[in-house]
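Colleague: Would you mind keeping the following structure in view while I ask a few things?
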Amino acid sequence: MNENEQYSCGCSVKNNEIKYYSVPTVGSVATEAGNINVISTKWSLCDYAGEIRVRLDIGRMNYAVTPGIYAIGKPDRQSPVLVSANYKLSFDILRRELKGLNVWIIVIDSKGVNVWCAAGKGTFGTEELVRRVNVTGLEKIISIRKLIVPQLGAPGISAHTVQKLCGFQVIYGPVRASDIKKYIAAGMKASPEMRHVDFGVIDRLTVSWLELALAARIAILGTVLLIGLVMLIERIPALAGLKGEARLLPILFLVSILSGTVFNAVLLPFLPGRAFSLKGGVLGAFICSGVIYASGQYLAVTTWLSLILMSSGISAFLALNFTGASTYTSLSGVKKEIRYSIPLIVAMVSCGAFLEIVHILRRFM
Amino acid sequence: MKLKYLSNVVTLKYDVNRCVGCGRCVEVCPRRVFSVESGKANIIDKDACIECGACMKNCPFEAIKVNAGVGCAAAILASGKKGNVVCGSEGGCC
């Protein structure tokens, strides 16, 4: 299969479009393979600004550092070698955690994608790792033949194949960069906790803003259209009685989007069921009922039902999309969820819209 | 709290006869699906598996098979029925 035939969720940037950020250096180390740049473990203002920017999906697919070998501190021939993807945010987080250590970092070309996603795609893979080890002349720089690969790179790396191809033994480091110091201090041993992927509330909140950013375009467009509809309804004398409830439409739309992204992410473990769409649908129905109640509008049962059906459907769909950002869903599981939830979501939103249209048209009869 | 997704769906298959108990699967699994007891690996929590494929790729004895991929609705919907589900193109998770 060639690259153009692949369909996907994240990163279509072609090779030549990626802009590499150069890494500020604070010195260099002389080795048999030439001088190697020593990099800082401190973050500049630009690094902080960059993190906020990519978390909001601005230039996220074009945030890479130049592949190659870098030094932290004063590494020598016995120092450990860490392997990193070249997504700049991952690389920055890694180097910040290495303060006070003397290590080498091999940055492989994962096309500016983080290690886990790139391992899934194969760009963080056996072939590129072996190539980069050879290109950098690593065997001249160090005497030990070991590479510490982040554990989440394992779906892309075949440790025994790397050893066969370039003679370096792959050992898997911890999942989180913040555990690297402990891991090295323990003699390259990861505790079970260091190997486990969690999805705690901070992680969920961090990635949910990206979901909101991805939904922003539709959210703005939809809100503008709905405000237009409200203005139209207000100008038609026959619809005068609908003024109050019409104003609920743009508000409920925005609330449903927040519900399916940020609120669903934060409340994920406490929402009913295992399917993301079920969690998001229930939450959307619940929050939107609350908004309608708080608005003090008296609504006919069918109107109430139509608004809840639409809100719940939108929230369920966005929650379904959060499967990709979560850390505990499987391909087979999400395929199954899609099979059941998409027809239901389509039915809910179309029934809701149909009821609403009938409700408006009846005012003319 | 260990969050868990749908049960009885994952495609993870393990051939005990090929296993030599090296423990690579335990090392690479981010979801604690495996354990090694008395020289053989066991699947102790199959529903926790996310089909990342790390165990299959790193088992030197090809004792593990899984239909590996990304559990990403955006990617699956974008791929439709045509192609493989791959992470990477217009807007989405990774």
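If you're wondering about the labels, chains in the structure tokens are A, B, ... by order shown, residues count from 1 in each chain, ligands from 1 in order shown.
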Return the neighbours of chain B among the residues of chain A, cut-off 8 Å, counting only C-alpha atoms, as an MDAnalysis selection string.

Modeller: chainID A and resid 5:13 113:114 117 120:121 151:152 154:160 172 175 195:199 211 214 269 274:275 320:325 328:336 338

Colleague: Please save C-alpha atoms of the selected residues as a compact mmCIF listing (two decimals), in the first residue's frame.

Modeller:
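For reference, part.txt as written:
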```txt
# COMPACT_ATOMS: atom_id res chain seq x y z
CA GLU A 5 -3.86 5.32 0.02
CA GLN A 6 -3.78 5.45 3.79
CA TYR A 7 -6.60 7.04 5.72
CA SER A 8 -6.15 8.30 9.12
CA CYS A 9 -6.57 10.57 12.04
CA GLY A 10 -3.60 12.76 12.61
CA CYS A 11 -0.68 13.84 10.54
CA SER A 12 -0.56 14.25 6.80
CA VAL A 13 2.47 16.50 6.71
CA VAL A 113 4.83 12.86 15.70
CA ASN A 114 4.95 11.74 19.33
CA CYS A 117 1.32 7.58 17.67
CA GLY A 120 1.52 2.84 15.82
CA LYS A 121 2.14 4.23 12.34
CA GLN A 151 8.23 1.90 26.37
CA LEU A 152 5.47 3.45 24.28
CA ALA A 154 7.50 -0.74 21.59
CA PRO A 155 4.56 -1.10 19.13
CA GLY A 156 6.92 0.16 16.40
CA ILE A 157 10.22 -1.41 17.47
CA SER A 158 11.17 -5.04 17.33
CA ALA A 159 13.93 -5.28 19.94
CA HIS A 160 15.38 -8.58 18.73
CA TYR A 172 12.61 -0.39 27.26
CA VAL A 175 6.37 5.27 29.92
CA ARG A 195 5.38 0.52 32.72
CA HIS A 196 1.69 1.20 33.11
CA VAL A 197 -0.29 3.77 31.14
CA ASP A 198 -2.83 5.68 33.19
CA PHE A 199 -5.43 8.15 32.07
CA GLU A 211 -10.74 17.87 21.07
CA LEU A 214 -10.73 20.38 16.70
CA PRO A 269 -14.64 7.26 34.86
CA ARG A 274 -17.95 1.54 28.91
CA ALA A 275 -18.74 2.88 25.45
CA LEU A 320 -16.90 8.80 20.48
CA ASN A 321 -14.12 10.84 18.85
CA PHE A 322 -12.36 11.03 22.20
CA THR A 323 -11.55 7.29 21.89
CA GLY A 324 -8.53 8.34 19.79
CA ALA A 325 -7.15 10.64 22.48
CA TYR A 328 -7.24 2.49 26.83
CA THR A 329 -9.30 1.79 23.70
CA SER A 330 -8.60 -0.92 21.13
CA LEU A 331 -9.16 -0.98 17.37
CA SER A 332 -11.62 -3.89 17.64
CA GLY A 333 -13.48 -2.21 20.49
CA VAL A 334 -13.87 1.13 18.72
CA LYS A 335 -14.99 -0.63 15.52
CA LYS A 336 -17.70 -2.38 17.52
CA ILE A 338 -18.97 2.65 15.90
```

Colleague: Which is closer to Gly100 of chain A than all the others in A:Lys189, A:Lys146, A:Lys42, A:Arg132, using only C-alpha atoms?

Modeller: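 For Gly100 of chain A, the nearest of the given residues is A:Lys42.
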
Colleague: Within segment 1-164 of chain A, find each residue whose DSSP state, derived from the backbone, is alpha helix (DSSP H), and express the selection as a ChimeraX atom specification.

Modeller: /A:45-55,88-96,115-121,126-136,138-141,159-164

Colleague: Need the shell around segment 30-37 of chain A: protein/DNA/RNA residues with any atom at most 8 Å away, counting only C-alpha atoms. Skip same-chain ones fewer than 3 positions apart. Format as a PyMOL selection string?

Modeller: chain A and resi 25-27+69-71+136-138+140-141

Colleague: Taking 5 positions as the minimum chain separation for residues in the same chain, which residues sit within 12 Å of Ser38 of chain B when counting only C-alpha atoms? Answer as number ranges by chain.

Modeller: B: 19-23

Colleague: Go ahead and dump the residues you just picked, C-alpha atoms, as a PDB file, in the first residue's frame.

Modeller:
```
ATOM      1  CA  CYS B  19       6.480 -19.380  24.647  1.00  0.00           C
ATOM      2  CA  VAL B  20       9.805 -19.752  26.457  1.00  0.00           C
ATOM      3  CA  GLY B  21       8.863 -17.384  29.287  1.00  0.00           C
ATOM      4  CA  CYS B  22      11.382 -14.646  28.423  1.00  0.00           C
ATOM      5  CA  GLY B  23       9.047 -11.962  29.762  1.00  0.00           C
TER       6      GLY B  23
END
```

Colleague: Apply DSSP to the backbone of this structure and, from segment 148-229 of chain A, keep only the residues in strand (DSSP E or B); write these as a list in words.

Modeller: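 Filtering segment 148-229 of chain A down to strand (DSSP E or B) leaves Ile148, Val149, Gln169, Val170, Ile171 and Tyr172 of chain A.
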
Colleague: What does the file look like for those residues with N, CA and C atoms, as a short mmCIF file (atom, residue, chain, number, x, y, z; two decimals), in the first residue's frame?

Modeller:
```
data_model
loop_
_atom_site.label_atom_id
_atom_site.label_comp_id
_atom_site.auth_asym_id
_atom_site.auth_seq_id
_atom_site.Cartn_x
_atom_site.Cartn_y
_atom_site.Cartn_z
N ILE A 148 18.18 2.82 25.20
CA ILE A 148 16.98 2.87 26.03
C ILE A 148 15.87 3.51 25.20
N VAL A 149 14.88 2.71 24.85
CA VAL A 149 13.76 3.18 24.02
C VAL A 149 12.56 3.41 24.94
N GLN A 169 21.50 -3.67 21.82
CA GLN A 169 20.41 -4.27 22.57
C GLN A 169 19.41 -3.18 22.94
N VAL A 170 18.13 -3.42 22.66
CA VAL A 170 17.10 -2.46 23.04
C VAL A 170 16.58 -2.80 24.42
N ILE A 171 16.63 -1.83 25.32
CA ILE A 171 15.93 -2.04 26.58
C ILE A 171 14.86 -0.95 26.71
N TYR A 172 13.72 -1.35 27.21
CA TYR A 172 12.61 -0.39 27.26
C TYR A 172 12.61 0.38 28.57
#
```

Colleague: Suppose you want the space between atom CA of Leu252 of chain A and atom CA of Ser311 of chain A; what is it in Å?

Modeller: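 That distance, rounded to one decimal, is 6.7 Å.
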
Colleague: Distance atom CA of Gly244 of chain A-atom CA of Gly228 of chain A, one decimal place?

Modeller: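 Separation of atom CA of Gly244 of chain A and atom CA of Gly228 of chain A: 14.7 Å.
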
Colleague: What is the distance between atom CA of Leu89 of chain A and atom CA of Gly173 of chain A, in Å to one decimal?

Modeller: 18.4 Å

Colleague: Pick out the closest residue to Ala85 of chain A from this set: A:Ala215, A:Leu101, A:Leu147, A:Ala119. Count only C-alpha atoms.

Modeller: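 That would be A:Ala119, the residue with the smallest distance to Ala85 of chain A.
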
Colleague: If we count only C-alpha atoms and set the cut-off at 12 Å, which residues sit around Ala294 of chain A, ignoring sequence neighbours fewer than 5 positions away in its own chain? Please answer as a PyMOL selection string.

Modeller: chain A and resi 248+252+287-289

Colleague: Which residues are close to segment 14-17 of chain B, i.e. within 8 Å by only C-alpha atoms, leaving aside same-chain residues fewer than 3 positions away? Reply as a list of chain:residue names.

Modeller: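 Surrounding residues, per the criterion: B:Lys40, B:Ala41, B:Ile43, B:Ala63, B:Ile64, B:Lys65.
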